[in-house]
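Trainee: A single structure is presented below for examination.
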Amino acid sequence: MPISNTQLLFGLIKSLTKADKRNFKLYAKRIQGDESMKFIQLFEVMDKLKELDEERILKKLDGIDRAQFSNLKRHLYKQILTSLRLIHITRIKSIEIREQIDFAHVLYSKGLYQQSLKILQRAKRIADENDLDLLVLEIIEFQKIIESRHITHTGPIKNDALTVEARDRLDKVYKSVVLSNLRVRLHGYYIANSHVKNEQEKGEIMKFFNENMSSINYSALGDLDRVYLYQSYVWYYYILLDFHKCFEYARRWVQTIEANQDLMRQDPDLYMRGFHYLLTAAHNLGDLENLVYYLDILERFRKSNYAKFNENSKIFSFLYVHWARFNVHFLKGTFGDGLQLIPRTMRRINRYRERIAPHRIMVLYYKIAWMYLANGDSGKAITYINKILNEGQGHFRADIQAYTRLLFLMAHYDDDNIDLLPYLVNTTDSFFKKSIVRNKLQDATLSFFKKVGTVSISKRHQMLVDFKETLEEIRKDPYEQRAFSYLDIYSWTRAKIERKPVAAIVRSEPVIHA
């Protein structure tokens, strides 16, 4: 893979484990030559740097000009990937199978088509055992080419079997692609529109989903396809705000993988992702019992398998577990205890920062900000909200950006920065006017802060009482209830009126069930 971008090469080197680096150096020694000595030198220089500094690298590489440097970077990038491929070939079945297909091509090019067919048959068996249908189809097509061009003494029965096998596999791949397309389109809809906001949107997404599901033959699905089917249902019901059914299909997703240990071993990320939606649905339902129960299972799975996890699995396990840990404290109202999680969470964020999507980091910052605010530390909350506003531009979903700005108003109110509220309200109002995703909770909250900064202290209590009544009316709207999970301003308002900590209010009235 030709790469000249220094940042990409630096990122790849920094992602390597000690074992990866050791294997790379052993691999490099086996192909030693003048060129290999230069790329090893470049590797060692970049590996020692904590931050990328191209000028410093060039100074360390004596006798290398910029043109040579560009070629050397490409060569090093390719050799690192080749080394990693050799390591992962025993861990990732698709890599092993592709290698076998490559071997079969080489043998066929030398006229050894019987040997080629033998290797292809073995590769097909492994691919079939691991539900790698596209690779199975590729192998069958290669087998058909060999059988049609040479006398292999397998006879017409073999050729007929291959055509039937190809047709059946193509049908299976088609079903997988249909389900994959549905999942991706539902996910894309959610990113663009969030949850449904009225009956019209509900009707549109139901029509779209039912039309796409009509061609699926449920009885013909294998375990992996059933998981993909349950994923589609999870997203569908998540968008519809039906968290009871979302929870149920996420549980089926997890249970299907648990019943297939090979699938769990091959794709632990898919298994943990099922838990993520199971835990998210439980949180949205205010179901603390199931949230704690399934978090414990996920934590035990993570602990017992962590040594075998690749980097992606470690990152996903961190995000899903820490996300759910915060949610447990939000439902319990134990914000003080929740603060104890933050240092560990921040260490993990800093460790994986370059490999985590900025949106995910911003969501964690948002949860941390609410944890501090609900525990009475508005100053710390403002610090984390500022991180979101400064770092999250262009990376954060529009609706969460809106809730962040409202949380900012709440934090400054608590910090007694009343003089600053008019300015913050104006900037928030400007943002809202550009937003295509709006709801009643957001509008009512902004309206409250527009007024509260202009009245005397003696009138604020009544304004809070009136605002609480408005929120109670909004909570009756089924399309608004999810908003209260994002921004629990109802508990915050009650705490102001009753002069109690937010934690006491949450414990007396848990998060509204969706």
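Numbering starts fresh at 1 for the residues of each chain in the structure tokens, the chains themselves are lettered A, B, ... in the order given, and ligands are numbered from 1 as they appear.
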Which polymer residues have any atom within 12 Å of an atom of A:Gln41, counting only C-alpha atoms, with same-chain residues fewer than 3 positions away left out, as a list of chain:residue names?
Mentor: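 Residues meeting the cut-off are A:Lys25, A:Ala28, A:Asp34, A:Glu35, A:Ser36, A:Met37, A:Lys38, A:Glu44, A:Val45, A:Met46, A:Asp47, A:Lys48, A:Ile57, A:Leu58, A:Lys60, A:Leu61, A:Asp62, A:Ile64, A:Phe69, A:Leu72, A:Lys73, A:Leu76.
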Trainee: Report, in Å with one decimal, the straight-line distance from atom CA of A:Thr404 to atom CA of A:Ile368.
Mentor: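 Distance between the two atoms: 11.6 Å.
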Trainee: Work out how far atom CA of A:Lys93 is from atom CA of A:Leu263, in Å to one decimal.
Mentor: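 Interatomic distance here is 11.7 Å.
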Trainee: What separation in Å, quoted to one decimal, exists between atom CA of A:Val227 and atom CA of A:Gly188?
Mentor: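 Pair atom CA of A:Val227 / atom CA of A:Gly188 returns 19.1 Å.
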Trainee: Which polymer residues have any atom within 8 Å of an atom of A:Lys380, counting only C-alpha atoms, with same-chain residues fewer than 5 positions away left out, as a compact mmCIF listing (two decimals) with N, CA, C and O atoms, in the first residue's frame?
Mentor:
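See selection01.txt below for the written result:
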```txt
# COMPACT_ATOMS: atom_id res chain seq x y z
N ALA A 369 -19.52 15.77 32.49
CA ALA A 369 -20.01 17.11 32.85
C ALA A 369 -21.29 17.01 33.68
O ALA A 369 -21.44 17.72 34.69
N TYR A 372 -20.56 15.83 37.27
CA TYR A 372 -20.07 16.91 38.13
C TYR A 372 -21.21 17.88 38.49
O TYR A 372 -21.35 18.28 39.66
N LEU A 373 -21.99 18.27 37.50
CA LEU A 373 -23.05 19.25 37.75
C LEU A 373 -24.08 18.69 38.74
O LEU A 373 -24.49 19.39 39.68
```
Trainee: What lies within 12 Å of A:Val506 using only C-alpha atoms, ignoring chain neighbours under 4 positions off, as a list in words?
Mentor: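 Selected residues are Gly286, His329, Phe330, Leu331, Lys332, Gly333, Thr334, Phe335, Ala374, Asn375, Ser485, Asp488, Ile489, Tyr490, Ser491, Trp492, Thr493, Arg494, Ala495, Lys500, Pro501, Val502, Pro510, Val511 and Ile512 of chain A.
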Trainee: What's the 10 Å shell around A:Trp323, counting only C-alpha atoms, without same-chain residues fewer than 4 positions away, as an MDAnalysis selection string?
Mentor: chainID A and resid 276 279:280 317:319 327:328 345 360 363:364 367
Trainee: Create the file for the chosen residues now, containing N, CA and C atoms and written as a PDB file, in the first residue's frame.
Mentor:
```pdb
ATOM      1  N   HIS A 276     -23.846  -3.468  24.362  1.00  0.00           N
ATOM      2  CA  HIS A 276     -23.941  -2.008  24.420  1.00  0.00           C
ATOM      3  C   HIS A 276     -25.388  -1.550  24.210  1.00  0.00           C
ATOM      4  N   LEU A 279     -27.605  -2.641  27.180  1.00  0.00           N
ATOM      5  CA  LEU A 279     -27.409  -1.749  28.324  1.00  0.00           C
ATOM      6  C   LEU A 279     -28.000  -0.369  28.069  1.00  0.00           C
ATOM      7  N   THR A 280     -27.871   0.109  26.834  1.00  0.00           N
ATOM      8  CA  THR A 280     -28.442   1.419  26.490  1.00  0.00           C
ATOM      9  C   THR A 280     -29.960   1.389  26.598  1.00  0.00           C
ATOM     10  N   SER A 317     -14.466  -2.356  24.309  1.00  0.00           N
ATOM     11  CA  SER A 317     -14.807  -2.798  25.661  1.00  0.00           C
ATOM     12  C   SER A 317     -14.709  -1.646  26.646  1.00  0.00           C
ATOM     13  N   PHE A 318     -13.719  -0.790  26.468  1.00  0.00           N
ATOM     14  CA  PHE A 318     -13.598   0.402  27.321  1.00  0.00           C
ATOM     15  C   PHE A 318     -14.818   1.302  27.181  1.00  0.00           C
ATOM     16  N   LEU A 319     -15.167   1.629  25.948  1.00  0.00           N
ATOM     17  CA  LEU A 319     -16.280   2.547  25.707  1.00  0.00           C
ATOM     18  C   LEU A 319     -17.580   1.990  26.258  1.00  0.00           C
ATOM     19  N   ASN A 327     -23.954   5.290  33.428  1.00  0.00           N
ATOM     20  CA  ASN A 327     -25.420   5.222  33.407  1.00  0.00           C
ATOM     21  C   ASN A 327     -25.983   4.597  34.672  1.00  0.00           C
ATOM     22  N   VAL A 328     -25.266   3.648  35.254  1.00  0.00           N
ATOM     23  CA  VAL A 328     -25.711   3.050  36.519  1.00  0.00           C
ATOM     24  C   VAL A 328     -25.801   4.133  37.594  1.00  0.00           C
ATOM     25  N   THR A 345     -11.435   6.730  33.481  1.00  0.00           N
ATOM     26  CA  THR A 345     -11.989   6.986  32.148  1.00  0.00           C
ATOM     27  C   THR A 345     -11.100   7.933  31.361  1.00  0.00           C
ATOM     28  N   ARG A 360     -17.407   9.925  20.132  1.00  0.00           N
ATOM     29  CA  ARG A 360     -17.499   9.070  21.313  1.00  0.00           C
ATOM     30  C   ARG A 360     -16.834   9.725  22.528  1.00  0.00           C
ATOM     31  N   VAL A 363     -19.187  12.388  23.865  1.00  0.00           N
ATOM     32  CA  VAL A 363     -20.287  11.824  24.657  1.00  0.00           C
ATOM     33  C   VAL A 363     -19.822  11.509  26.077  1.00  0.00           C
ATOM     34  N   LEU A 364     -18.613  10.968  26.207  1.00  0.00           N
ATOM     35  CA  LEU A 364     -18.068  10.701  27.546  1.00  0.00           C
ATOM     36  C   LEU A 364     -17.861  12.006  28.313  1.00  0.00           C
ATOM     37  N   LYS A 367     -21.199  13.087  29.633  1.00  0.00           N
ATOM     38  CA  LYS A 367     -21.605  12.325  30.817  1.00  0.00           C
ATOM     39  C   LYS A 367     -20.820  12.788  32.051  1.00  0.00           C
TER      40      LYS A 367
END
```
Trainee: Pick from A:Lys144, A:Lys175, A:Lys124, A:Arg300: nearest to A:Thr163, with only C-alpha atoms counted?
Mentor: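 Ranking A:Lys144, A:Lys175, A:Lys124, A:Arg300 by distance to A:Thr163, first place goes to A:Lys144.
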Trainee: Using only C-alpha atoms, which protein or nucleic acid residues come within 10 Å of A:Arg185? Drop anything in the same chain fewer than 4 positions from it, and give the result as a PyMOL selection string.
Mentor: chain A and resi 179-181+189-191+209+232+235
Trainee: With stretch 242-254 of chain A as the partner and 12 Å as the cut-off, tabulate the residues of stretch 184-212 of chain A that qualify, each row holding the nearest pair of atoms and their distance in Å to one decimal, using only C-alpha atoms, sorted by chain and rising number, as a Markdown table.
Mentor:
```
| residue | atom | partner | partner_atom | distance |
| --- | --- | --- | --- | --- |
| A:His195 | CA | A:Asp242 | CA | 10.2 |
| A:Val196 | CA | A:Asp242 | CA | 10.5 |
| A:Lys202 | CA | A:Asp242 | CA | 11.1 |
```
Trainee: Got time to write the residues from that selection, all heavy atoms, as a short mmCIF file (atom, residue, chain, number, x, y, z; two decimals), in the first residue's frame?
Mentor:
```
data_model
loop_
_atom_site.label_atom_id
_atom_site.label_comp_id
_atom_site.auth_asym_id
_atom_site.auth_seq_id
_atom_site.Cartn_x
_atom_site.Cartn_y
_atom_site.Cartn_z
N HIS A 195 -34.13 10.24 16.74
CA HIS A 195 -35.35 9.46 16.91
C HIS A 195 -36.52 10.11 16.18
O HIS A 195 -36.47 11.30 15.85
CB HIS A 195 -35.68 9.34 18.40
CG HIS A 195 -34.58 8.75 19.22
ND1 HIS A 195 -34.37 7.39 19.31
CD2 HIS A 195 -33.62 9.32 19.99
CE1 HIS A 195 -33.34 7.16 20.09
NE2 HIS A 195 -32.87 8.30 20.52
N VAL A 196 -37.57 9.32 15.96
CA VAL A 196 -38.77 9.90 15.35
C VAL A 196 -39.36 10.94 16.29
O VAL A 196 -39.31 10.80 17.51
CB VAL A 196 -39.81 8.81 15.02
CG1 VAL A 196 -39.30 7.89 13.94
CG2 VAL A 196 -40.20 8.01 16.26
N LYS A 202 -42.80 8.48 12.23
CA LYS A 202 -42.96 7.09 12.65
C LYS A 202 -43.53 6.25 11.51
O LYS A 202 -43.03 5.14 11.22
CB LYS A 202 -43.89 7.02 13.87
CG LYS A 202 -44.13 5.60 14.37
CD LYS A 202 -45.06 5.60 15.58
CE LYS A 202 -45.31 4.19 16.07
NZ LYS A 202 -46.23 4.17 17.25
#
```
Trainee: Taking into account only C-alpha atoms, which residue in the set A:Tyr77, A:Phe449, A:Tyr230, A:Phe10 is nearest to A:Leu424?
Mentor: A:Phe449
Trainee: Enumerate as number ranges by chain all residues of stretch 282-465 of chain A assigned to alpha helix (DSSP H) by DSSP on the backbone, naming them with the chain letters and numbers the document uses.
Mentor: A: 282-284, 288-305, 311-332, 335-338, 342-352, 358-374, 378-391, 398-414, 421-434, 440-452, 457-465
Trainee: List the spatial neighbours of A:Leu107 as a list in words - criterion: any atom at most 12 Å away, only C-alpha atoms, same-chain residues fewer than 4 positions off excluded.
Mentor: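 Listing them by chain and then by number gives Gln100, Ile101, Asp102, Phe103, Gly111, Leu112, Tyr113, Gln114, Gln115, Ser116, Leu117, Lys118, Ile119, Leu120 and Ile146 of chain A.
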Trainee: Suppose we keep C-alpha atoms; can you now write the selection as an mmCIF file, in the first residue's frame?
Mentor:
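As a result, again_11.cif now contains:
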```
data_model
loop_
_atom_site.group_PDB
_atom_site.id
_atom_site.type_symbol
_atom_site.label_atom_id
_atom_site.label_comp_id
_atom_site.auth_asym_id
_atom_site.auth_seq_id
_atom_site.Cartn_x
_atom_site.Cartn_y
_atom_site.Cartn_z
ATOM 1 C CA GLN A 100 -4.712 -20.045 0.558
ATOM 2 C CA ILE A 101 -6.541 -18.533 -2.428
ATOM 3 C CA ASP A 102 -3.323 -16.728 -3.404
ATOM 4 C CA PHE A 103 -1.421 -20.016 -3.183
ATOM 5 C CA GLY A 111 -0.230 -25.661 -14.475
ATOM 6 C CA LEU A 112 -0.674 -27.521 -11.185
ATOM 7 C CA TYR A 113 -4.454 -27.279 -11.235
ATOM 8 C CA GLN A 114 -5.067 -30.443 -9.220
ATOM 9 C CA GLN A 115 -2.983 -29.046 -6.377
ATOM 10 C CA SER A 116 -4.782 -25.728 -6.799
ATOM 11 C CA LEU A 117 -8.176 -27.450 -6.490
ATOM 12 C CA LYS A 118 -7.048 -29.275 -3.364
ATOM 13 C CA ILE A 119 -6.026 -26.055 -1.645
ATOM 14 C CA LEU A 120 -9.266 -24.342 -2.733
ATOM 15 C CA ILE A 146 -10.521 -24.584 -13.370
#
```
